[in-house]
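Before any comments, here is the structure.
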Amino acid sequence: MNSGSWICYHAIHTYFMHRNLIGSFTKIALKFVLGMAFFAAHNGYAQQSTSHSPYSQFGLGQMREDLLPQTRAMGGISAGVRFLNGLPTLNIANPASYSGLNRTILEAGMYGNFTQLSKNQNTDQTADFAFGHLAIAVPLAKYGGLAFGLIPFSDVGYSSASTQSIDTLNYQTSLSGQGGINKAFVGYGVSPIKGLSVGANVGFLFGNLYDITNVRFLNQADAYQTERRETRNIRGATLDYGVQYSKALGRKYNLTVGYNGSLNNQITAKRDMMVTISENSFDDDFIAPPSDTISSRALGNSSLSLPLKHNIGFTLSKGYNWMVGADFKYTDWSNFEMPQNQAKLGKSYGVAVGGQIKPDPTSVRYWNQVDYRLGFRYNKTPLVYRNQNINDMAVTVGFGFPLPETNFGRTFSQINISAELGQQGTLNNNLVRERYININFGFTINDSWFIRRSLD
């Protein structure tokens, strides 16, 4: 059983040890989502990628951030997020928020991606989905709160091909990448003085990234095609931290100001390379299995310096009714070691704004109790390619659908859906423009554990 499977299994086992009574609809939905999560983890979740971005070949791939569907739907704000609908929420991005937990929270979800790639007059569409996240947060009363789980950290998924010829010999060279890095984490948050909270997450990164070069001869059926596969096995520990200050403004409003960041965490990349040959094929959809291994060797270990990150933001909320917020983000990739044939990464700047509204929390009409979320984000990524800044921007929308309360109001659940409609890159300088829709589906249970039951 791999690391992802172990974490998913024990999270599920822990939950059902402590809960014996959950409403039937909630129980069915929970088993479905967690069953999918366990299945994805058991089948090599750490190796999968949902990225189809040509820009994922740089650095460690497309960074996924420590966000759940609730905050992704609001532009990705996180530094000042402590409450949703007037109640504490699980905000992995800022562990200082754990100190406000008053119920046990279980989060599980999936992620889907639809991408259109354009270059010159050509376009291509791709789609994929994968397990998204699994996390549990537990309140520790006056001692703060604890959270642990498994989330994606980054993924790689790119491909390109070109055709060359030597005299009458035509051949095609294909470059592709795949794989992903995952993050298992445990975090703790506490409030040392009224209004002020601090917290930290300790994470462990694991996963494989593959860069593949394939040469195939187009008019020689008896020639072997050759594949060179370079693997980067990523391992290492990370430390993220956060601070929040929350203050009531009168009887109706609450203001939370937050900061979260990370130092230049050091991780290890173990690199190896394998060259294989296989039978040639003129069918693009057929991939012949390797016939022989020409070379296989270790390329050594290298230490990678993860970026220095700073994120500051705030939220202003009115009880169950609404919340608005904004984040300002800075990330420095300057010290990240890049291959010799790639340009160095630089600094990244970003801004995110968003909020949510619940029309009428006291209404008996269902649609008045749904959370409606909207946001926008803009990021100047650390990549400059062919003298062009590769920028990323998106409009985000989402909904929080409440489920019936059970256990005399001690258990309440919600289905959260978010969509990010964005664009990355440009058509200038013969580059690729990427337009995408990212869909995140999450299932949330808020429950009261360890309550002593009494009989009249």
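Each chain in the structure tokens gets a letter, A, B, ..., in the order shown, and its residues are numbered from 1; ligands are numbered from 1 in order too.
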
>> Need to verify the contact set: stretch 339-346 of chain A, 8 Å, only C-alpha atoms, exclusion of same-chain residues closer than 3 positions in sequence. Can you return it as a PyMOL selection string?
In response: chain A and resi 58-59+332-334+336+382-385

Output of the above residues as a PDB file, in the first residue's frame, restricted to C-alpha atoms:
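Result file out.pdb:
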```
ATOM      1  CA  PHE A  58       9.147  24.323 -16.026  1.00  0.00           C
ATOM      2  CA  GLY A  59      10.033  24.012 -12.359  1.00  0.00           C
ATOM      3  CA  ASP A 332      10.309  34.003  -5.134  1.00  0.00           C
ATOM      4  CA  TRP A 333      11.535  31.117  -7.342  1.00  0.00           C
ATOM      5  CA  SER A 334      14.936  32.726  -8.029  1.00  0.00           C
ATOM      6  CA  PHE A 336      15.182  27.103  -7.668  1.00  0.00           C
ATOM      7  CA  PRO A 382       7.671  33.330 -12.310  1.00  0.00           C
ATOM      8  CA  LEU A 383       8.146  32.253 -15.947  1.00  0.00           C
ATOM      9  CA  VAL A 384       9.421  34.514 -18.739  1.00  0.00           C
ATOM     10  CA  TYR A 385       9.561  32.562 -22.007  1.00  0.00           C
TER      11      TYR A 385
END
```

> Hey, what's within 12 Å of A:Asn387 if we count only C-alpha atoms and toss same-chain stuff fewer than 6 positions away? As an NGL selection string, please?
Replying inline: :A and (343 or 426 or 428-431)

Would you list the contacts of stretch 309-318 of chain A as a compact mmCIF listing (two decimals) with N, CA and C atoms, in the first residue's frame, taking every protein, DNA or RNA residue within 6 Å and counting only C-alpha atoms, but skipping same-chain residues closer than 2 positions in sequence?
```txt
# COMPACT_ATOMS: atom_id res chain seq x y z
N ALA A 79 -5.64 33.98 3.23
CA ALA A 79 -4.91 34.48 4.39
C ALA A 79 -5.82 34.88 5.53
N GLY A 80 -6.94 35.52 5.21
CA GLY A 80 -7.84 36.00 6.25
C GLY A 80 -9.10 35.17 6.42
N LYS A 252 -22.59 42.85 14.56
CA LYS A 252 -22.94 42.17 13.33
C LYS A 252 -21.75 41.76 12.47
N TYR A 253 -20.65 42.47 12.58
CA TYR A 253 -19.57 42.28 11.62
C TYR A 253 -18.32 41.72 12.29
N ASN A 254 -17.49 41.10 11.47
CA ASN A 254 -16.21 40.56 11.95
C ASN A 254 -15.14 40.81 10.91
N LEU A 255 -13.97 41.26 11.36
CA LEU A 255 -12.83 41.52 10.49
C LEU A 255 -11.70 40.58 10.89
N THR A 256 -11.14 39.88 9.90
CA THR A 256 -9.98 39.02 10.14
C THR A 256 -8.87 39.41 9.18
N VAL A 257 -7.71 39.70 9.74
CA VAL A 257 -6.51 40.00 8.95
C VAL A 257 -5.54 38.85 9.13
N GLY A 258 -4.95 38.37 8.02
CA GLY A 258 -4.11 37.19 8.11
C GLY A 258 -2.86 37.27 7.26
N TYR A 259 -1.90 36.45 7.65
CA TYR A 259 -0.67 36.28 6.88
C TYR A 259 -0.29 34.80 6.91
N ASN A 260 0.14 34.27 5.79
CA ASN A 260 0.69 32.92 5.76
C ASN A 260 1.84 32.87 4.76
N GLY A 261 2.79 31.99 5.03
CA GLY A 261 3.95 31.90 4.16
C GLY A 261 4.76 30.66 4.42
N SER A 262 5.91 30.58 3.76
CA SER A 262 6.83 29.47 3.95
C SER A 262 8.24 29.94 3.63
N ASN A 321 -24.63 35.82 6.69
CA ASN A 321 -25.12 36.45 5.48
C ASN A 321 -24.11 36.58 4.35
N TRP A 322 -22.94 37.18 4.63
CA TRP A 322 -21.99 37.40 3.54
C TRP A 322 -20.57 37.56 4.06
N MET A 323 -19.65 37.44 3.13
CA MET A 323 -18.23 37.65 3.43
C MET A 323 -17.54 38.13 2.16
N VAL A 324 -16.62 39.08 2.30
CA VAL A 324 -15.78 39.54 1.19
C VAL A 324 -14.33 39.55 1.69
N GLY A 325 -13.38 39.44 0.75
CA GLY A 325 -11.98 39.43 1.15
C GLY A 325 -11.06 39.64 -0.02
N ALA A 326 -9.78 39.82 0.28
CA ALA A 326 -8.76 40.00 -0.74
C ALA A 326 -7.43 39.47 -0.22
N ASP A 327 -6.60 38.99 -1.14
CA ASP A 327 -5.25 38.51 -0.82
C ASP A 327 -4.24 39.13 -1.78
N PHE A 328 -3.03 39.32 -1.27
CA PHE A 328 -1.91 39.76 -2.08
C PHE A 328 -0.78 38.76 -1.88
N LYS A 329 -0.24 38.21 -2.99
CA LYS A 329 0.67 37.08 -2.91
C LYS A 329 2.01 37.40 -3.55
N TYR A 330 3.07 36.87 -2.94
CA TYR A 330 4.42 37.03 -3.46
C TYR A 330 5.16 35.71 -3.30
N THR A 331 5.82 35.27 -4.37
CA THR A 331 6.58 34.02 -4.35
C THR A 331 7.89 34.24 -5.10
```

> Can you tell me, as an MDAnalysis selection string, what residues are no more than 8 Å from stretch 68-70 of chain A when counting only C-alpha atoms, ignoring any on the same chain fewer than 5 positions away?
Replying inline: chainID A and resid 91:92 133 398 400 416:418 440:442

Dump as a compact mmCIF listing (two decimals), in the first residue's frame, selection limited to C-alpha atoms:
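Contents of again10.txt, as written:
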```txt
# COMPACT_ATOMS: atom_id res chain seq x y z
CA ASN A 91 -8.49 26.56 5.82
CA ILE A 92 -5.35 24.53 5.09
CA HIS A 133 -8.18 16.23 -1.43
CA GLY A 398 -19.09 28.40 -6.92
CA GLY A 400 -22.33 25.59 -1.37
CA ASN A 416 -19.20 22.57 -2.47
CA ILE A 417 -18.60 23.12 -6.19
CA SER A 418 -16.25 25.65 -7.73
CA ASN A 440 -13.51 21.25 -7.96
CA PHE A 441 -16.09 19.14 -6.15
CA GLY A 442 -15.98 18.81 -2.38
```

>> Going by DSSP on the backbone, which residues of stretch 151-336 of chain A come out as strand (DSSP E or B)? List them as a ChimeraX atom specification.
In response: /A:151-166,169-193,196-217,225-249,253-262,266-278,292-305,308-318,322-332

Export C-alpha atoms of the chosen residues as a compact mmCIF listing (two decimals), in the first residue's frame?
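And here's part_11.txt as it stands now:
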```
# COMPACT_ATOMS: atom_id res chain seq x y z
CA ILE A 151 -3.60 17.20 -1.00
CA PRO A 152 -1.98 17.65 -4.44
CA PHE A 153 1.10 19.89 -4.53
CA SER A 154 1.86 20.11 -8.26
CA ASP A 155 1.48 18.18 -11.49
CA VAL A 156 3.16 17.95 -14.88
CA GLY A 157 1.41 17.26 -18.18
CA TYR A 158 2.75 18.58 -21.48
CA SER A 159 3.44 17.26 -24.96
CA SER A 160 4.84 18.54 -28.26
CA ALA A 161 6.08 16.98 -31.49
CA SER A 162 8.15 18.01 -34.50
CA THR A 163 9.09 16.28 -37.75
CA GLN A 164 12.57 16.33 -39.29
CA SER A 165 14.28 14.55 -42.17
CA ILE A 166 17.76 13.43 -43.15
CA LEU A 169 14.61 9.43 -43.79
CA ASN A 170 11.72 11.14 -41.99
CA TYR A 171 11.41 10.95 -38.23
CA GLN A 172 9.30 12.52 -35.50
CA THR A 173 10.60 13.72 -32.14
CA SER A 174 8.04 13.93 -29.32
CA LEU A 175 8.60 15.60 -25.98
CA SER A 176 6.19 14.93 -23.13
CA GLY A 177 5.94 15.09 -19.38
CA GLN A 178 3.69 13.55 -16.78
CA GLY A 179 3.42 12.81 -13.08
CA GLY A 180 2.69 14.73 -9.93
CA ILE A 181 3.79 15.61 -6.43
CA ASN A 182 1.53 15.19 -3.41
CA LYS A 183 1.63 16.61 0.08
CA ALA A 184 0.72 14.77 3.26
CA PHE A 185 0.45 17.23 6.11
CA VAL A 186 -0.34 17.67 9.79
CA GLY A 187 -0.97 21.09 11.28
CA TYR A 188 -1.70 22.78 14.58
CA GLY A 189 -3.12 26.19 15.47
CA VAL A 190 -3.59 27.92 18.81
CA SER A 191 -4.77 31.28 20.14
CA PRO A 192 -2.26 32.52 22.76
CA ILE A 193 -4.23 35.71 23.42
CA LEU A 196 -4.66 36.46 17.87
CA SER A 197 -3.95 33.00 16.42
CA VAL A 198 -0.80 31.32 15.15
CA GLY A 199 -0.29 27.97 13.47
CA ALA A 200 1.94 25.79 11.31
CA ASN A 201 1.71 22.86 8.90
CA VAL A 202 4.44 20.25 8.61
CA GLY A 203 4.24 18.52 5.26
CA PHE A 204 5.91 15.67 3.42
CA LEU A 205 6.19 15.88 -0.37
CA PHE A 206 6.36 12.71 -2.46
CA GLY A 207 5.89 11.80 -6.10
CA ASN A 208 7.53 11.22 -9.46
CA LEU A 209 7.89 13.59 -12.42
CA TYR A 210 8.69 12.11 -15.84
CA ASP A 211 10.25 13.87 -18.86
CA ILE A 212 10.05 11.68 -21.97
CA THR A 213 11.69 12.03 -25.38
CA ASN A 214 10.54 9.68 -28.13
CA VAL A 215 11.99 9.34 -31.66
CA ARG A 216 9.85 7.49 -34.23
CA PHE A 217 10.67 6.84 -37.88
CA GLN A 225 11.59 3.75 -32.14
CA THR A 226 13.61 4.99 -29.17
CA GLU A 227 12.40 6.44 -25.88
CA ARG A 228 14.45 8.26 -23.27
CA ARG A 229 12.66 8.59 -19.91
CA GLU A 230 14.12 10.74 -17.16
CA THR A 231 12.53 10.37 -13.72
CA ARG A 232 12.69 12.83 -10.86
CA ASN A 233 11.73 11.17 -7.60
CA ILE A 234 10.75 13.98 -5.24
CA ARG A 235 10.96 13.67 -1.46
CA GLY A 236 11.21 16.21 1.31
CA ALA A 237 9.67 17.96 4.29
CA THR A 238 8.09 21.41 4.28
CA LEU A 239 7.06 23.92 6.91
CA ASP A 240 4.28 26.47 6.36
CA TYR A 241 3.05 28.92 8.96
CA GLY A 242 0.38 31.55 9.48
CA VAL A 243 -0.98 34.29 11.73
CA GLN A 244 -4.50 35.70 12.03
CA TYR A 245 -6.06 38.48 14.05
CA SER A 246 -9.83 38.51 14.28
CA LYS A 247 -11.96 41.25 15.82
CA ALA A 248 -15.71 41.82 16.09
CA LEU A 249 -16.91 45.15 14.69
CA TYR A 253 -19.57 42.28 11.62
CA ASN A 254 -16.21 40.56 11.95
CA LEU A 255 -12.83 41.52 10.49
CA THR A 256 -9.98 39.02 10.14
CA VAL A 257 -6.51 40.00 8.95
CA GLY A 258 -4.11 37.19 8.11
CA TYR A 259 -0.67 36.28 6.88
CA ASN A 260 0.69 32.92 5.76
CA GLY A 261 3.95 31.90 4.16
CA SER A 262 6.83 29.47 3.95
CA GLN A 266 14.82 22.13 0.88
CA ILE A 267 13.68 18.93 -0.84
CA THR A 268 15.55 16.18 -2.69
CA ALA A 269 15.18 15.08 -6.31
CA LYS A 270 16.60 11.64 -7.08
CA ARG A 271 17.14 11.47 -10.84
CA ASP A 272 17.56 8.44 -13.08
CA MET A 273 17.37 7.79 -16.80
CA MET A 274 16.30 4.84 -18.95
CA VAL A 275 16.55 4.38 -22.73
CA THR A 276 14.40 1.70 -24.38
CA ILE A 277 13.55 0.63 -27.92
CA SER A 278 10.29 -0.76 -29.26
CA ASP A 292 14.72 -3.95 -24.93
CA THR A 293 16.48 -1.61 -22.53
CA ILE A 294 19.52 0.09 -24.07
CA SER A 295 20.65 2.02 -21.02
CA SER A 296 19.59 2.55 -17.42
CA ARG A 297 21.55 4.58 -14.91
CA ALA A 298 21.23 6.89 -11.93
CA LEU A 299 21.90 10.57 -12.54
CA GLY A 300 22.44 11.44 -8.89
CA ASN A 301 20.58 13.42 -6.27
CA SER A 302 20.08 17.16 -6.23
CA SER A 303 18.79 19.51 -3.54
CA LEU A 304 15.97 21.80 -4.63
CA SER A 305 15.11 25.03 -2.87
CA LEU A 308 9.99 31.80 -0.39
CA LYS A 309 6.28 32.65 -0.10
CA HIS A 310 4.37 35.50 1.50
CA ASN A 311 0.61 35.97 1.44
CA ILE A 312 -1.32 38.70 3.24
CA GLY A 313 -5.05 39.32 3.19
CA PHE A 314 -8.26 40.10 5.03
CA THR A 315 -11.93 39.15 5.19
CA LEU A 316 -14.94 41.14 6.35
CA SER A 317 -18.07 39.19 7.18
CA LYS A 318 -21.57 39.58 8.50
CA TRP A 322 -21.99 37.40 3.54
CA MET A 323 -18.23 37.65 3.43
CA VAL A 324 -15.78 39.54 1.19
CA GLY A 325 -11.98 39.43 1.15
CA ALA A 326 -8.76 40.00 -0.74
CA ASP A 327 -5.25 38.51 -0.82
CA PHE A 328 -1.91 39.76 -2.08
CA LYS A 329 0.67 37.08 -2.91
CA TYR A 330 4.42 37.03 -3.46
CA THR A 331 6.58 34.02 -4.35
CA ASP A 332 10.31 34.00 -5.13
```

>> Counting only C-alpha atoms, which residue out of A:Pro402, A:Ser348, A:Arg64, A:Ala96 sits closest to A:Gly76?
In response: A:Arg64

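Atom pair atom CA of A:Arg251 / atom CA of A:Pro359 has a distance of 19.5 Å (rounded to one decimal).
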